[in-house]
$ cat query29.txt   # compact mmCIF, C-alpha atoms
# COMPACT_ATOMS: atom_id res chain seq x y z
CA MET N 1 -37.62 19.66 -29.30
CA SER N 2 -39.15 18.11 -26.16
CA ASN N 3 -37.08 16.04 -23.73
CA ASP N 4 -39.27 13.00 -24.49
CA ASN N 5 -38.63 13.33 -28.22
CA TYR N 6 -34.92 13.82 -27.64
CA MET N 7 -34.76 10.67 -25.49
CA ARG N 8 -36.64 8.71 -28.18
CA ILE N 9 -33.99 9.72 -30.70
CA GLU N 10 -31.21 8.84 -28.28
CA SER N 11 -32.60 5.32 -27.88
CA GLN N 12 -32.45 4.45 -31.57
CA SER N 13 -30.37 1.53 -32.89
CA LEU N 14 -26.76 0.46 -32.50
CA ILE N 15 -25.51 2.35 -35.55
CA LYS N 16 -26.92 5.61 -34.26
CA GLU N 17 -25.35 5.07 -30.84
CA ARG N 18 -21.97 4.10 -32.26
CA ILE N 19 -21.89 7.03 -34.66
CA LYS N 20 -22.95 9.35 -31.88
CA THR N 21 -20.13 7.98 -29.71
CA PHE N 22 -17.77 8.90 -32.52
CA CYS N 23 -19.35 12.31 -32.77
CA PHE N 24 -18.36 13.06 -29.21
CA GLY N 25 -14.73 12.22 -29.73
CA SER N 26 -14.21 8.46 -29.96
CA VAL N 27 -11.54 8.76 -32.61
CA ASP N 28 -10.33 5.25 -31.75
CA LEU N 29 -13.58 3.78 -33.07
CA PHE N 30 -13.22 5.05 -36.63
CA GLY N 31 -9.85 6.77 -36.50
CA ASN N 32 -10.62 9.28 -39.20
CA SER N 33 -11.23 12.81 -38.03
CA SER N 34 -10.24 15.20 -35.31
CA GLN N 35 -12.95 17.66 -36.33
CA GLU N 36 -16.05 18.07 -34.25
CA THR N 37 -19.04 16.43 -35.89
CA LEU N 38 -21.94 18.72 -36.67
CA THR N 39 -25.13 17.14 -35.28
CA GLU N 40 -28.55 18.32 -36.45
CA TYR N 41 -32.09 16.98 -36.35
CA ILE N 42 -34.52 17.35 -39.26
CA ASP N 43 -38.20 16.46 -39.50
CA ILE N 44 -39.23 14.36 -42.49
CA GLU N 45 -42.67 12.76 -42.85
CA GLY N 46 -43.31 13.20 -39.14
CA CYS N 47 -40.04 11.53 -38.14
CA THR N 48 -37.15 13.33 -36.47
CA ILE N 49 -33.99 12.21 -38.26
CA PRO N 50 -30.47 12.86 -36.87
CA LYS N 51 -27.99 14.22 -39.41
CA PHE N 52 -24.22 14.04 -38.83
CA THR N 53 -21.66 15.99 -40.85
CA ASN N 54 -17.91 15.38 -40.76
CA GLU N 55 -15.12 13.76 -42.77
CA PHE N 56 -15.82 10.26 -41.53
CA TRP N 57 -13.75 7.96 -43.73
CA THR N 58 -11.51 9.85 -46.16
CA SER N 59 -9.21 11.67 -43.76
CA ARG N 60 -6.35 9.74 -42.13
CA GLN N 61 -7.93 6.41 -43.04
CA ARG N 62 -5.69 3.74 -44.48
CA GLN N 63 -5.23 3.81 -48.23
CA ALA N 64 -7.60 1.65 -50.27
CA ASP N 65 -6.30 -1.59 -51.77
CA SER N 66 -4.73 -1.19 -55.22
CA ILE N 67 -7.14 -3.74 -56.71
CA HIS N 68 -9.81 -1.00 -56.70
CA GLU N 69 -7.98 1.22 -59.20
CA ILE N 70 -10.37 0.76 -62.11
CA SER N 71 -11.87 4.04 -63.28
CA TYR N 72 -15.61 4.59 -63.65
CA ARG N 73 -17.78 7.69 -63.63
CA ALA N 74 -19.59 8.62 -60.41
CA CYS N 75 -18.02 5.87 -58.30
CA PHE N 76 -17.46 6.28 -54.58
CA LYS N 77 -14.22 5.60 -52.71
CA PRO N 78 -13.68 2.11 -51.23
CA GLN N 79 -13.47 3.66 -47.76
CA LEU N 80 -17.22 4.36 -47.91
CA PRO N 81 -18.42 0.74 -48.15
CA ARG N 82 -15.62 -0.40 -45.81
CA PHE N 83 -16.93 1.99 -43.14
CA PHE N 84 -20.40 0.45 -43.20
CA ILE N 85 -19.34 -3.16 -43.81
CA GLU N 86 -17.10 -3.10 -40.74
CA LEU N 87 -19.74 -1.26 -38.70
CA LEU N 88 -22.80 -3.31 -39.59
CA THR N 89 -21.77 -6.83 -40.59
CA LYS N 90 -19.75 -9.82 -39.42
CA LEU N 91 -17.65 -12.36 -41.33
CA LYS N 92 -19.53 -14.22 -44.08
CA ASP N 93 -22.56 -11.93 -43.94
CA VAL N 94 -24.06 -11.06 -47.34
CA VAL N 95 -23.33 -7.60 -48.75
CA TYR N 96 -25.24 -6.40 -51.82
CA ASP N 97 -24.93 -3.50 -54.25
CA PRO N 98 -27.92 -3.15 -56.62
CA PHE N 99 -26.16 -0.40 -58.65
CA SER N 100 -22.73 -1.96 -58.69
CA GLY N 101 -20.83 0.26 -61.17
CA ARG N 102 -17.15 -0.67 -61.14
CA GLY N 103 -17.80 -3.08 -58.23
CA THR N 104 -16.35 -1.11 -55.33
CA THR N 105 -18.76 -2.45 -52.71
CA GLY N 106 -18.37 -6.04 -53.86
CA ILE N 107 -14.57 -5.99 -54.00
CA GLU N 108 -14.34 -4.34 -50.58
CA ALA N 109 -16.80 -6.85 -49.13
CA GLY N 110 -14.71 -9.67 -50.57
CA LEU N 111 -11.53 -8.30 -49.04
CA LEU N 112 -13.37 -8.20 -45.70
CA ASN N 113 -14.50 -11.84 -46.06
CA ARG N 114 -18.17 -11.08 -46.62
CA ASN N 115 -20.27 -12.86 -49.21
CA VAL N 116 -21.14 -10.78 -52.25
CA VAL N 117 -24.13 -10.09 -54.44
CA ALA N 118 -23.62 -7.49 -57.17
CA ASN N 119 -26.05 -6.16 -59.75
CA ASP N 120 -25.95 -3.49 -62.42
CA ILE N 121 -28.11 -3.16 -65.50
CA ASN N 122 -25.02 -2.02 -67.44
CA PRO N 123 -23.13 -5.17 -68.56
CA LEU N 124 -19.85 -3.23 -68.36
CA SER N 125 -20.16 -3.43 -64.58
CA GLN N 126 -19.70 -7.19 -64.51
CA ILE N 127 -16.83 -6.94 -67.01
CA LEU N 128 -15.01 -4.46 -64.75
CA SER N 129 -15.73 -6.17 -61.43
CA LYS N 130 -16.06 -9.97 -61.56
CA PRO N 131 -12.58 -10.75 -63.02
CA ARG N 132 -10.90 -8.92 -60.12
CA PHE N 133 -12.05 -11.68 -57.79
CA PHE N 134 -9.89 -14.13 -59.75
CA ILE N 135 -6.31 -12.90 -59.53
CA PRO N 136 -4.07 -14.17 -62.36
CA ASP N 137 -0.53 -15.43 -62.12
CA ILE N 138 1.63 -12.73 -63.72
CA GLU N 139 3.79 -15.19 -65.66
CA SER N 140 0.69 -16.88 -67.06
CA LEU N 141 -0.67 -13.48 -68.00
CA LYS N 142 2.56 -12.63 -69.82
CA ASP N 143 2.40 -15.88 -71.76
CA ARG N 144 -1.22 -15.30 -72.73
CA LEU N 145 -0.57 -11.77 -73.93
CA VAL N 146 2.34 -12.93 -76.09
CA SER N 147 0.20 -15.71 -77.56
CA ILE N 148 -2.44 -13.31 -78.92
CA LYS N 149 -1.85 -12.94 -82.64
CA ILE N 150 -1.62 -9.32 -83.77
CA ILE N 151 -2.97 -8.75 -87.27
CA PRO N 152 -0.84 -6.01 -88.91
CA LYS N 153 -2.67 -2.90 -90.14
CA VAL N 154 -6.11 -4.27 -89.25
CA LYS N 155 -8.72 -1.57 -88.58
CA THR N 156 -12.14 -1.51 -87.07
CA GLU N 157 -15.41 -0.48 -88.66
CA ILE N 158 -15.39 2.96 -87.01
CA ASP N 159 -12.83 5.73 -87.28
CA LEU N 160 -10.55 5.70 -84.23
CA SER N 161 -7.59 7.48 -85.82
CA MET N 162 -8.02 10.51 -83.56
CA PHE N 163 -7.35 8.27 -80.53
CA TYR N 164 -4.82 5.68 -81.70
CA HIS N 165 -1.69 5.25 -83.78
CA PRO N 166 -2.43 2.77 -86.64
CA ASP N 167 -0.21 0.09 -85.04
CA THR N 168 -1.88 0.58 -81.67
CA GLU N 169 -5.32 0.30 -83.26
CA ALA N 170 -4.25 -2.95 -84.94
CA GLU N 171 -3.26 -4.37 -81.55
CA ILE N 172 -6.53 -3.25 -79.91
CA VAL N 173 -8.63 -4.71 -82.71
CA SER N 174 -6.65 -7.96 -82.61
CA VAL N 175 -7.18 -8.34 -78.86
CA ARG N 176 -10.85 -7.48 -79.30
CA GLU N 177 -11.30 -10.13 -81.98
CA TYR N 178 -9.38 -12.68 -79.93
CA LEU N 179 -11.64 -12.14 -76.91
CA LYS N 180 -14.76 -12.12 -79.07
CA GLU N 181 -13.82 -15.46 -80.63
CA LYS N 182 -12.98 -17.02 -77.25
CA GLN N 183 -16.31 -15.81 -75.85
CA MET N 184 -18.29 -17.14 -78.82
CA ASP N 185 -16.77 -20.62 -78.67
CA GLY N 186 -17.02 -20.79 -74.86
CA THR N 187 -13.30 -21.03 -74.17
CA GLU N 188 -12.78 -17.63 -72.52
CA ASP N 189 -11.09 -18.29 -69.17
CA GLU N 190 -10.10 -16.27 -66.11
CA ILE N 191 -6.95 -14.87 -67.72
CA ASP N 192 -8.92 -13.80 -70.80
CA ASN N 193 -11.49 -12.13 -68.54
CA TRP N 194 -8.71 -10.32 -66.70
CA ILE N 195 -7.24 -9.09 -70.01
CA ARG N 196 -10.69 -7.86 -71.04
CA THR N 197 -11.09 -5.92 -67.79
CA VAL N 198 -7.70 -4.24 -67.93
CA ALA N 199 -7.85 -3.50 -71.65
CA THR N 200 -11.30 -1.96 -71.22
CA ASN N 201 -9.86 0.26 -68.50
CA ARG N 202 -6.86 1.31 -70.61
CA LEU N 203 -8.67 2.34 -73.80
CA THR N 204 -8.41 6.08 -73.26
CA GLY N 205 -6.75 8.34 -70.73
CA HIS N 206 -4.42 11.23 -70.06
CA SER N 207 -1.02 9.57 -69.68
CA SER N 208 1.33 7.15 -71.42
CA GLY N 209 -0.24 4.36 -69.36
CA PHE N 210 -3.22 4.29 -71.73
CA PHE N 211 -3.61 3.10 -75.30
CA SER N 212 -4.73 6.52 -76.56
CA VAL N 213 -3.16 9.86 -77.19
CA TYR N 214 -3.79 12.42 -74.40
CA THR N 215 -7.51 12.79 -73.75
CA LEU N 216 -9.78 13.23 -70.74
CA PRO N 217 -9.37 10.95 -67.69
CA PRO N 218 -10.32 7.29 -68.26
CA ASN N 219 -13.75 7.43 -66.64
CA GLN N 220 -15.11 9.11 -69.77
CA ALA N 221 -14.50 8.57 -73.48
CA VAL N 222 -15.11 11.77 -75.41
CA SER N 223 -16.63 11.73 -78.88
CA GLN N 224 -14.49 11.45 -81.98
CA GLU N 225 -15.12 15.08 -82.86
CA SER N 226 -14.24 16.25 -79.35
CA GLN N 227 -10.99 14.28 -79.51
CA ARG N 228 -10.09 15.91 -82.83
CA LYS N 229 -10.48 19.29 -81.15
CA ILE N 230 -8.30 18.18 -78.23
CA ASN N 231 -5.62 17.03 -80.67
CA GLN N 232 -5.77 20.29 -82.56
CA LYS N 233 -5.64 22.41 -79.42
CA ARG N 234 -2.68 20.46 -78.03
CA ASN N 235 -1.00 20.10 -81.42
CA GLN N 236 -0.73 16.35 -80.88
CA ARG N 237 -0.93 13.19 -82.94
CA PRO N 238 -1.45 9.66 -81.60
CA ASP N 239 1.89 7.94 -80.99
CA TYR N 240 2.43 4.20 -80.82
CA ARG N 241 1.55 2.52 -77.52
CA ASP N 242 2.52 -1.08 -76.73
CA THR N 243 -0.88 -2.36 -75.62
CA ARG N 244 0.34 -5.68 -74.24
CA GLN N 245 2.97 -3.99 -72.10
CA ILE N 246 0.40 -1.47 -70.88
CA ILE N 247 -1.97 -4.30 -69.90
CA LEU N 248 0.85 -6.00 -68.03
CA ASN N 249 1.95 -2.78 -66.31
CA LYS N 250 -1.58 -1.96 -65.20
CA SER N 251 -2.05 -5.52 -63.96
CA MET N 252 1.05 -5.28 -61.79
CA SER N 253 -0.19 -1.93 -60.49
CA LEU N 254 -3.57 -3.41 -59.59
CA LEU N 255 -1.86 -6.26 -57.79
CA GLN N 256 0.81 -4.33 -55.90
CA ASP N 257 -1.11 -4.74 -52.62
CA MET N 258 -2.19 -8.29 -53.36
CA THR N 259 -1.00 -11.15 -51.18
CA PRO N 260 -1.60 -14.89 -51.63
CA LYS N 261 -3.95 -14.79 -48.65
CA LYS N 262 -6.06 -11.97 -50.14
CA ALA N 263 -6.03 -13.57 -53.59
CA ASN N 264 -7.30 -16.86 -52.15
CA LEU N 265 -9.97 -15.05 -50.17
CA LEU N 266 -11.20 -13.11 -53.21
CA ARG N 267 -11.30 -16.31 -55.26
CA GLU N 268 -13.34 -18.06 -52.57
CA ILE N 269 -15.78 -15.17 -52.28
CA GLY N 270 -15.97 -14.70 -56.06
CA SER N 271 -16.68 -18.38 -56.65
CA ASN N 272 -19.75 -18.14 -54.41
CA ALA N 273 -20.80 -14.62 -55.41
CA LEU N 274 -23.88 -13.72 -57.43
CA PHE N 275 -23.31 -11.31 -60.32
CA LEU N 276 -26.46 -9.98 -62.01
CA THR N 277 -27.27 -7.58 -64.84
CA ASN N 278 -30.90 -6.92 -63.88
CA ASP N 279 -33.02 -3.89 -63.32
CA ALA N 280 -32.56 -3.30 -59.57
CA ARG N 281 -36.35 -3.38 -59.20
CA PHE N 282 -36.53 -6.98 -60.40
CA THR N 283 -33.99 -9.41 -58.94
CA PRO N 284 -35.78 -12.76 -58.49
CA GLU N 285 -32.41 -14.55 -58.29
CA ILE N 286 -31.92 -13.01 -54.83
CA ALA N 287 -33.84 -14.83 -52.10
CA SER N 288 -36.11 -12.92 -49.75
CA ASN N 289 -34.61 -12.06 -46.34
CA SER N 290 -31.10 -13.09 -47.46
CA VAL N 291 -29.00 -9.88 -47.49
CA ASN N 292 -27.45 -8.40 -44.34
CA LEU N 293 -26.26 -5.06 -45.72
CA ILE N 294 -26.78 -3.00 -48.85
CA VAL N 295 -24.26 -0.29 -49.71
CA THR N 296 -25.06 1.48 -52.94
CA SER N 297 -25.30 4.64 -54.96
CA PRO N 298 -28.07 4.84 -57.59
CA PRO N 299 -27.89 6.62 -60.97
CA PHE N 300 -27.74 10.30 -60.11
CA LEU N 301 -30.40 12.63 -61.35
CA ASP N 302 -29.39 14.03 -64.78
CA VAL N 303 -25.68 14.12 -63.90
CA VAL N 304 -23.96 11.22 -65.66
CA GLN N 305 -24.65 10.08 -69.22
CA TYR N 306 -23.46 6.49 -68.96
CA ASP N 307 -23.96 5.62 -72.62
CA HIS N 308 -22.00 8.64 -73.87
CA ASP N 309 -19.20 8.09 -71.38
CA ASN N 310 -18.85 4.40 -72.20
CA TRP N 311 -19.34 4.24 -75.97
CA LEU N 312 -15.77 3.15 -76.64
CA ARG N 313 -15.81 0.58 -73.84
CA CYS N 314 -19.04 -0.79 -75.25
CA TRP N 315 -17.49 -1.04 -78.72
CA PHE N 316 -14.48 -2.97 -77.40
CA ASN N 317 -16.77 -5.45 -75.62
CA ASP N 318 -19.25 -5.74 -78.49
CA ILE N 319 -22.05 -4.20 -76.44
CA ASP N 320 -24.82 -2.11 -78.01
CA SER N 321 -24.44 1.21 -76.19
CA THR N 322 -27.84 2.44 -77.41
CA ASP N 323 -29.49 -0.60 -75.85
CA VAL N 324 -27.64 0.04 -72.58
CA ALA N 325 -28.78 3.68 -72.69
CA LYS N 326 -32.40 2.60 -72.97
CA ARG N 327 -32.09 0.36 -69.91
CA ILE N 328 -30.18 2.70 -67.59
CA THR N 329 -32.19 5.13 -65.47
CA ILE N 330 -31.31 8.66 -66.55
CA THR N 331 -33.96 11.27 -65.87
CA LYS N 332 -34.14 15.01 -65.31
CA ASN N 333 -37.57 14.75 -63.74
CA ILE N 334 -37.42 14.37 -59.97
CA GLU N 335 -40.87 12.80 -59.81
CA ASP N 336 -39.86 10.07 -62.27
CA TRP N 337 -36.57 9.50 -60.44
CA CYS N 338 -38.35 9.13 -57.11
CA GLY N 339 -40.88 6.77 -58.68
CA ILE N 340 -38.14 4.47 -59.92
CA MET N 341 -36.27 4.60 -56.62
CA SER N 342 -39.48 3.86 -54.75
CA GLU N 343 -39.94 0.65 -56.75
CA ALA N 344 -36.29 -0.24 -56.10
CA PHE N 345 -36.85 0.19 -52.36
CA GLU N 346 -39.72 -2.30 -52.46
CA GLU N 347 -37.34 -4.90 -53.88
CA LEU N 348 -34.60 -4.02 -51.40
CA TYR N 349 -37.04 -4.42 -48.53
CA ARG N 350 -37.95 -7.88 -49.81
CA ILE N 351 -34.39 -9.21 -49.95
CA ILE N 352 -32.87 -7.71 -46.80
CA ILE N 353 -33.05 -9.61 -43.50
CA PRO N 354 -34.93 -8.24 -40.48
CA GLY N 355 -32.34 -6.17 -38.63
CA GLY N 356 -30.39 -5.56 -41.85
CA HIS N 357 -29.30 -2.13 -43.03
CA ILE N 358 -29.02 -0.01 -46.16
CA ALA N 359 -26.43 2.70 -46.65
CA PHE N 360 -27.90 4.63 -49.58
CA GLU N 361 -25.50 7.24 -51.01
CA VAL N 362 -26.93 9.96 -53.24
CA GLY N 363 -24.02 12.37 -53.59
CA GLU N 364 -24.46 16.07 -54.19
CA VAL N 365 -26.23 17.28 -57.33
CA ARG N 366 -27.24 20.66 -58.74
CA ASN N 367 -24.66 22.40 -56.56
CA GLY N 368 -26.34 21.14 -53.41
CA THR N 369 -29.64 22.90 -54.10
CA LEU N 370 -31.47 19.59 -54.48
CA LYS N 371 -31.17 17.45 -51.36
CA LEU N 372 -31.75 13.95 -52.67
CA GLU N 373 -31.07 12.50 -49.23
CA GLU N 374 -34.22 14.18 -47.89
CA LEU N 375 -36.23 12.89 -50.86
CA ILE N 376 -34.97 9.35 -50.33
CA VAL N 377 -36.06 9.15 -46.67
CA PRO N 378 -39.85 9.05 -47.39
CA LEU N 379 -39.31 6.36 -50.05
CA GLY N 380 -37.67 4.06 -47.52
CA LEU N 381 -40.23 4.82 -44.82
CA LYS N 382 -43.08 4.08 -47.23
CA VAL N 383 -42.01 0.46 -47.78
CA GLY N 384 -41.39 -0.19 -44.07
CA PHE N 385 -37.79 0.79 -43.33
CA GLU N 386 -36.81 2.83 -40.29
CA CYS N 387 -34.51 5.74 -41.08
CA GLU N 388 -31.59 5.63 -38.65
CA CYS N 389 -29.81 8.81 -39.68
CA ILE N 390 -28.33 10.85 -42.50
CA MET N 391 -24.54 11.09 -42.74
CA ILE N 392 -22.82 13.85 -44.70
CA ASN N 393 -19.21 12.96 -45.42
CA GLN N 394 -17.22 16.01 -46.44
CA GLN N 395 -14.30 15.43 -48.78
CA LYS N 396 -11.64 17.27 -50.68
CA PHE N 397 -11.68 17.15 -54.47
CA THR N 398 -9.38 14.83 -56.37
CA LYS N 399 -7.06 15.81 -59.21
CA THR N 400 -9.67 14.47 -61.61
CA ALA N 401 -12.26 16.83 -60.18
CA ASN N 402 -9.87 19.75 -60.55
CA ILE N 403 -9.36 18.86 -64.21
CA TRP N 404 -13.10 19.28 -64.64
CA GLY N 405 -12.92 22.75 -63.10
CA VAL N 406 -14.51 21.72 -59.85
CA SER N 407 -13.56 23.38 -56.59
CA ASN N 408 -14.84 22.99 -53.06
CA ASN N 409 -18.21 24.56 -52.24
CA GLU N 410 -18.69 25.85 -55.76
CA LYS N 411 -19.96 23.10 -58.03
CA GLY N 412 -19.79 19.35 -58.55
CA THR N 413 -19.83 16.58 -56.00
CA ASN N 414 -18.44 17.96 -52.75
CA THR N 415 -19.97 15.51 -50.28
CA ASN N 416 -21.15 11.95 -49.89
CA ARG N 417 -24.71 12.09 -48.58
CA ILE N 418 -25.81 8.75 -47.15
CA VAL N 419 -29.17 7.75 -45.72
CA ILE N 420 -29.03 4.81 -43.27
CA PHE N 421 -32.11 2.58 -43.16
CA LYS N 422 -32.91 -0.48 -41.06
CA LYS N 423 -35.48 -3.22 -41.60
CA ASN N 424 -37.14 -4.07 -38.30
$ encode --input "query29.txt" --output "structure tokens"
Amino acid sequence: MSNDNYMRIESQSLIKERIKTFCFGSVDLFGNSSQETLTEYIDIEGCTIPKFTNEFWTSRQRQADSIHEISYRACFKPQLPRFFIELLTKLKDVVYDPFSGRGTTGIEAGLLNRNVVANDINPLSQILSKPRFFIPDIESLKDRLVSIKIIPKVKTEIDLSMFYHPDTEAEIVSVREYLKEKQMDGTEDEIDNWIRTVATNRLTGHSSGFFSVYTLPPNQAVSQESQRKINQKRNQRPDYRDTRQIILNKSMSLLQDMTPKKANLLREIGSNALFLTNDARFTPEIASNSVNLIVTSPPFLDVVQYDHDNWLRCWFNDIDSTDVAKRITITKNIEDWCGIMSEAFEELYRIIIPGGHIAFEVGEVRNGTLKLEELIVPLGLKVGFECECIMINQQKFTKTANIWGVSNNEKGTNTNRIVIFKKN
């Protein structure tokens, strides 16, 4: 690389300079890693792009707020959006996530007093995220739970006996019907919405804190037949679970870090937030040049089957999972995936302000053999973005990953791979 080219790279934007400062030992700036950052330069579409590899935000960083603890497949840690929100925005700036999932970016932006726009074509996303901006009073929640009439021995139209004790199923169905009726007559309020969120999150899991008998972790609901096999292998039968107490316990767990100040802030931000269920390529509700920062992770190439994972959550919320499956982008063809992402970038370019940034996380797929981050760069360049850098955040696997038989550097998601774009 020539000296002129090297100097051109060194004179790139503020984010590049600040990250590079960190790379050379400014631990005080981000406070996360004592490891030396690996710095490389790669050529993509005639542009020389700096690439930084380290554990930027998961090591030694403060624990995420308990309000985030809602499980969802393929979601990133709250420390990821916090890193970029603190780095690239100021108070009351607008932060947007076009593939919102469980709402991690939006919740973290709210906690940091940024305005929020959230979108996800899956309606479950709004169910899991929006109510957490409106923190309930625990005593009022207790009263509401007690007031819900439980219909003894009531069953649903599908066989759920492999998951639930008959009395537990009766409670789940009763809560479902209560929420459905409140929604239909337009009387569903913030406490009802909170109950819906927490109940949706507690439907299945691998501990006594869930409604179901032991099954896989709560970010995936296995099929009925798969659950029968789990029961047989473990020689288990569904035991009774007190669903109202579980909802209350999980609520108190979610709120253990909550303070009146944070609750008031989330309510203020949530009251002014925009929650959408659009295709990310078509968001006319968002004004042009109105978003300061986008932090997002799109549907990964052929990795996560959202409709299969969420069939039971869809049932509880009276959502047609087959319709959701048709709308969500799941493709094994890299050309099709890039085509869809290219159209999404056109819309993102429209809505972001000049000088605004995108932190576009693509994870690690196909054991790292397919580098989506290098495929994403040309898509952003094509619509007019400048590519600031690529950041590879190394991380250790969670207990959930180990349950799935994943180990470091062998298979599964081992890194966050983020491409940083800027609109000039």
$ residues_around --input "query29.txt" --residues "Ala287 in chain N" --least-positions-apart "3" --cutoff "8 Å" --atoms "only C-alpha atoms" --output "mmCIF file with C-alpha atoms, in the frame of the given file"
data_model
loop_
_atom_site.group_PDB
_atom_site.id
_atom_site.type_symbol
_atom_site.label_atom_id
_atom_site.label_comp_id
_atom_site.auth_asym_id
_atom_site.auth_seq_id
_atom_site.Cartn_x
_atom_site.Cartn_y
_atom_site.Cartn_z
ATOM 1 C CA PRO N 284 -35.780 -12.760 -58.490
ATOM 2 C CA SER N 290 -31.100 -13.090 -47.460
ATOM 3 C CA ILE N 351 -34.390 -9.210 -49.950
#
$ residues_near_point --input "query29.txt" --point "(-5.5, -1.3, -69.2)" --cutoff "9 Å" --atoms "all atoms listed in the file" --output "PyMOL selection string"
chain N and resi 70+195-204+209-211+243-244+246-251
$ residues_around --input "query29.txt" --residues "Ala263 in chain N" --least-positions-apart "2" --cutoff "12 Å" --atoms "only C-alpha atoms" --output "count of residues only"
25
$ axis_aligned_box --input "query29.txt" --around "range 196-214 of chain N" --padding-each-side "8 Å" --output "JSON"
{"center_x": -5.0, "center_y": 2.3, "center_z": -72.5, "size_x": 28.6, "size_y": 36.3, "size_z": 25.4}
$ closest_residue --input "query29.txt" --among "N:Leu141, N:Met252, N:Ala109, N:Val213" --to "Arg237 in chain N" --atoms "only C-alpha atoms"
N:Val213
$ closest_atom_pairs --input "query29.txt" --of "range 360-396 of chain N" --to "range 89-101 of chain N" --cutoff "12 Å" --atoms "all atoms listed in the file" --output "CSV"
residue,atom,partner,partner_atom,distance
N:Phe360,CA,N:Asp97,CA,9.8
N:Glu361,CA,N:Phe99,CA,10.8
N:Val362,CA,N:Phe99,CA,11.7
$ closest_residue --input "query29.txt" --among "N:Asn122, N:Ser288, N:Asn333, N:Ser147" --to "Asn310 in chain N" --atoms "all atoms listed in the file"
N:Asn122
$ residues_around --input "query29.txt" --residues "Asn119 in chain N" --least-positions-apart "3" --cutoff "12 Å" --atoms "only C-alpha atoms" --output "number ranges by chain"
N: 95-106, 116, 122-127, 129-130, 273-286, 294-298
$ closest_residue --input "query29.txt" --among "N:Lys153, N:Lys332, N:Lys422, N:Lys262" --to "Pro354 in chain N" --atoms "only C-alpha atoms"
N:Lys422
$ closest_residue --input "query29.txt" --among "N:Leu179, N:Cys75, N:Leu38, N:Val291" --to "Asp192 in chain N" --atoms "all atoms listed in the file"
N:Leu179
$ atom_distance --input "query29.txt" --atom1 "CA of Ser271 in chain N" --atom2 "CA of Asp143 in chain N"
24.5 Å
